[in-house]
Amino acid sequence: MVKKKKNERVRKNSLTSKIVGLTVFLDALFLVLILAGAIFLYYFRLNQERVSASEYQNQVINERFNELIDDIKSDVNKLATDSDIINYLNYVNQDNPPVITDTNDPNYPIYEAYLFQAGIIMDYQEDELFDLVYVATDTECSVGADGCGITSSGELSNIDWNLTERPWYIALGENDAIMSSPYIDDMTGEYAITYIEKVYDGDQMIGYVGVDVLLTTLAEVLDASYEDILGSTNEIILISDITTSPVLFYMSTDDSADYYLADNVNFSSIDSTLGYNGNGLSFLLNKYESGVAINENVFNSSFIVNYNDFENTNFTLVTLYYIQTLFGMEIMFLILVGVAALLIFLIGSVMHNSVKKSLSPIDRILESIEEIKNGNYEIRINIRENNELRQIGHAINIMSEEINRQIQKTYDTLAYDVLTGLKNRASASSEIDKTILKADTRSAVCLIQVDNLKNINVTKGQIIGDNLIKAIADELSKVFKSNEALFSNGGNEFVYIKEKINSLEEVEFALNRLLTHFKQPLVVKNIKTEVKLHVGVAIYPSDGTNLDELIKKCDTALFKASEEGYKKIIFYNEKIARSVSYQAEISEQLSQAITKNQIYLRYQPLITNANEIYGFEALARWSSPTLGEIGPQVFIANAEESYLI
């Protein structure tokens with residue numbers, strides 16, 4: 001008794017304990033997921049810090065560049081609003097010589113005041129950024145020149161200098177001041193940018209004042225200004241006209257010389273040459289969105305990229321904040337995750353094997369259930385382990401046995417005709433289609449009909465009729481000596497299939513033997529009962545390729561046999577089919593013939609021997625719109641059969 005209780009306890013707890021072990025494993029996995037979540041939050045915060053650092057860098061760079069631009073604007077604006085500059089431009093615009101060398105000239109103080117004010121801007125600039133300080137006017141100072149330009153040192157523009165062809169003049173338009181795009185300076189032959197501002201005397205525009213900055217000088221100033229914040233990893237890029245026809249004029253990377261003053265047409269080819277396929281400067285320009293920070297792989301490194309446009313210029317500043325690779329604490333976290341993952345994998349492997357062994361019968365149970373679903377009710381589940389699954393398997397075995405018993409009982413009920421004991425048509429149809437009617441040889445399908453069963457049921461009773469059908473089935477089995485080829489078609493019909501026939505005469509001989517056998521009455525319940533049979537025959541495969549189709553043809557032949565009466569055996573053919581179809585169509589249309597006024601009378605005179613008319617005979621005729629003119633010899637008999645007479 002004690003041993004039995006112990007086995008019951010083991011059976012009850014063995015599977016449960018292993019599932020509990022699996023739960024412990026899942027709890028451990030949950031803890032790891034929490035660790036992974038913590039790491040994710042750490043990386044998220046780290047990324048936020050990187051974004052903040054990149055925004056701070058971008059802000060400092062942006063402010064310093066804005067200070068540089070503002071200094072330029074301030075210096076030029078001082079000249080544009082200075083009275084000495086205004087007086088000098090008015091003096092030049094009155095067709096006076098712009099350069100005065102004679103100190104005794106009464107206008108010399110005006111010229112000297114101009115040189116002094118312009119010279120201050122040129123000589124005392126903090127970063128020595130300006131290459132040239134000058135004023136310009138529409139007045140022609142040299143023969144053949146378009147307009148006039150005078151530098152802070154008093155140098156006059158030459159004959160080839162044309163105001164309307166200056167790059168800044170074209171871009172200025174209706175604006176009061178602009179920072180021009182990079183261009184080649186006519187006097188120095190170097191690339192430069194110009195900040196130009198219109199000079200007004202009251203409301204009247206009298207000229208221009210501007211400064212030229214060589215790009216080489218600008219690069220030196222920017223390198224010195226940004227060295228402390230960029231370090232060796234972060235980068236900045238200056239581009240003009242980024243949305244229309246971008247030109248790069250400053251770049252802090254080592255590849256600046258390759259991209260210097262290149263335009264958008266050449267960026268892609270330069271990227272390919274330098275090994276930046278898909279992530280070079282061309283890619284960077286396509287990502288342009290002012291004021292938005294994005295994480296991108298640029299120049300084969302990871303950066304946080306910021307774009308900034310400068311007011312009253314066509315310049316865009318692009319800052320690249322380098323995202324460093326993982327070291328220190330980050331590596332430690334990765335190692336912890338790796339170790340935890342390895343431990344979980346080892347524990348999981350052990351638990352997996354243990355649980356798999358315990359739960360492996362479930363696979364056999366599922367396979368057995370699938371077999372039962374597919375109709376195999378004889379399968380049995382054998383489980384050695386003494387646990388709950390064994391009880392489940394035993395229950396499934398009992399269920400399967402009971403289902404098999406019930407199905408067999410139902411099959412026996414449905415597959416065989418209760419009255420005759422023969423297989424019925426529904427159960428035999430599929431088998432015959434797959435075997436007999438799939439062969440290469442011809443077969444005859446014979447539908448045998450007991451014509452006088454209705455009269456027997458009426459005159460002698462239903463019991464005699466039922467017993468007669470059973471007796472006929474017994475006699476048919478004796479005649480054909482093949483129960484496999486004979487089955488019930490329900491009611492008063494049987495189907496016999498003769499396989500591998502060589503000729504129709506062979507079939508007719510076998511059926512005549514059948515009719516001869518039934519010439520003598522059958523004794524049923526001590527009552528002699530005459531049996532009248534008709535047989536319709538269809539041939540496989542010429543008349544059909546499946547049993548249902550062939551029996552339908554047999555029915556058509558039997559319909560013809562009942563019309564002619566004297567024929568006991570009728571072979572189906574197309575002529576019979578057409579005739580039966582014609583009669584069916586007559587029956588279908590005859591019911592509507594009177595309501596549609598299709599029946600009319602013909603009058604035939606009655607004549608005496610003396611050729612005198614003594615009366616008329618009224619004869620019915622039917623004019624069908626589809627069947628044509630039909631005489632009474634055709635439709636009267638049909639009307640009697642269909643109770644339309």
# chains A, B, ... in the order shown; residues from 1 in each chain; ligands from 1
$ residues_around --residues "A:Ile86" --least-positions-apart "2" --cutoff "8 Å" --atoms "only C-alpha atoms" --output "list in words"
Ala80, Thr81, Asp82, Ser83, Asp84, Tyr88, Leu89, Asn90, Val199, Tyr200, Asp201 and Ile206 of chain A
$ select_by_dssp --residues "stretch 397-478 of chain A" --states "helix (DSSP H, G or I)" --output "count of residues only"
57
$ closest_residue --among "A:Ser562, A:Tyr191, A:Tyr56, A:Gly461" --to "A:Leu533" --atoms "only C-alpha atoms"
A:Ser562
$ closest_residue --among "A:Ile34, A:Ala485, A:Leu447, A:Ile237" --to "A:Glu431" --atoms "only C-alpha atoms"
A:Ala485
$ closest_residue --among "A:Ser302, A:Gln583, A:Tyr614, A:Ile407" --to "A:Ile630" --atoms "only C-alpha atoms"
A:Gln583
